[in-house]
Amino acid sequence: MTGSVRPLVLIPALLAAVGVGLGAQEPSRGGESRDALLAAFRDPPADARPRVSWHWLSGNVSRDGITKDLEWMHRIGIAGAMMFDGDMGAPQIVPQRVTVLSKEWQANLHFAAQEADRLGLEFAMAAAPGWSETGGPWVTPEMGMKKFVWSEKRVRGSRPVGVLPPLPDMPGPFQGIPRYDWGGAR
């Protein structure tokens with residue numbers, strides 16, 4: 001389903017590897033042995049474990065994927081996730097895409113909250129679909145985010161400026177990414 005958080009599996013491994021060099025049986029300032037400190041570092045309490053962003057991209061959501069993602073997060077020591085729905089034209093990887101805010105999407109959201117609760121994970125979600133609450137099917141292109149553009153022409157003093165170059169007109173939402181057909185089939 002999503003998979004955007006899987007590289008985080010390296011963090012606990014890296015932290016454990018760093019912790020191995022702490023030594024054993026040497027008292028710490030608080031009187032605890034370094035073994036106890038290392039054990040707490042390797043298996044921290046829930047309030048010290050990481051939380052992650054969990055992206056549902058381009059309608060690629062399924063109940064099976066939700067369960068697998070959340071069980072994986074629980075298994076590797078993630079304490080919780082914040083679900084974020086976004087669409088950047090990701091390829092379809094589920095049999096049927098789920099349209100944001102549809103009844104099926106809402107049922108999946110409820111299911112995800114139940115699964116997180118079953119696993120003892122914190123569960124949150126972004127306030128609205130779209131990037132930074134600026135997008136969604138209700139935002140028309142005229143009302144959507146804009147980008148700041150400029151043109152430049154170098155001139156020497158006391159000479160005519162001439163015609164300024166035209167402003168860039170690339171409609172892509174970010175760094176020349178081609179415009180996505182929001183009206184297309186999902």
# chains A, B, ... in the order shown; residues from 1 in each chain; ligands from 1
>>> residues_around(residues="Leu109 of chain A", least_positions_apart="3", cutoff="10 Å", atoms="only C-alpha atoms", output="PyMOL selection string")
chain A and resi 61+63+66+83+101+103-106+112-115+125
>>> residues_around(residues="Leu121 of chain A", least_positions_apart="5", cutoff="6 Å", atoms="only C-alpha atoms", output="list in words")
Ala79, Gly80 and Ala116 of chain A
>>> write_last_selection(atoms="C-alpha atoms", output="CSV table (one decimal), in the first residue's frame")
chain,number,residue,atom,x,y,z
A,79,ALA,CA,4.8,4.4,18.4
A,80,GLY,CA,2.3,6.0,16.0
A,116,ALA,CA,-3.9,1.4,15.2
>>> atom_distance(atom1="atom CA of Thr67 of chain A", atom2="atom CA of Pro91 of chain A")
21.0 Å
>>> select_by_dssp(residues="segment 33-174 of chain A", states="strand (DSSP E or B)", output="JSON, numbers by chain")
{"A": [33, 51, 52, 53, 54, 55, 56, 57, 80, 81, 82, 83, 84, 85, 86, 122, 123, 124, 125]}
>>> atom_distance(atom1="atom CA of Leu164 of chain A", atom2="atom CA of Ser151 of chain A")
7.4 Å
>>> residues_around(residues="Met82 of chain A", least_positions_apart="6", cutoff="7 Å", atoms="only C-alpha atoms", output="list of chain:residue names")
A:Val52, A:Ser53, A:Trp54, A:Phe123, A:Ala124, A:Met125, A:Ala126
>>> write_last_selection(atoms="N, CA and C atoms", output="mmCIF file, in the first residue's frame")
data_model
loop_
_atom_site.group_PDB
_atom_site.id
_atom_site.type_symbol
_atom_site.label_atom_id
_atom_site.label_comp_id
_atom_site.auth_asym_id
_atom_site.auth_seq_id
_atom_site.Cartn_x
_atom_site.Cartn_y
_atom_site.Cartn_z
ATOM 1 N N VAL A 52 5.632 8.613 12.834
ATOM 2 C CA VAL A 52 5.959 8.823 11.419
ATOM 3 C C VAL A 52 4.775 9.411 10.662
ATOM 4 N N SER A 53 5.071 10.037 9.530
ATOM 5 C CA SER A 53 4.044 10.432 8.576
ATOM 6 C C SER A 53 3.736 9.210 7.728
ATOM 7 N N TRP A 54 2.473 8.964 7.509
ATOM 8 C CA TRP A 54 2.032 7.788 6.763
ATOM 9 C C TRP A 54 1.193 8.281 5.596
ATOM 10 N N PHE A 123 -2.670 7.302 16.588
ATOM 11 C CA PHE A 123 -3.130 7.527 15.217
ATOM 12 C C PHE A 123 -3.638 8.954 15.096
ATOM 13 N N ALA A 124 -3.165 9.641 14.078
ATOM 14 C CA ALA A 124 -3.603 11.011 13.797
ATOM 15 C C ALA A 124 -3.737 11.147 12.291
ATOM 16 N N MET A 125 -4.319 12.253 11.867
ATOM 17 C CA MET A 125 -4.392 12.507 10.434
ATOM 18 C C MET A 125 -4.229 13.994 10.181
ATOM 19 N N ALA A 126 -3.764 14.321 8.993
ATOM 20 C CA ALA A 126 -3.647 15.717 8.592
ATOM 21 C C ALA A 126 -5.048 16.308 8.505
#
>>> atom_distance(atom1="atom CA of Glu71 of chain A", atom2="atom CA of Ala90 of chain A")
23.5 Å
>>> closest_residue(among="A:Leu57, A:Ile78, A:Leu70, A:Met143", to="Asp43 of chain A", atoms="only C-alpha atoms")
A:Ile78
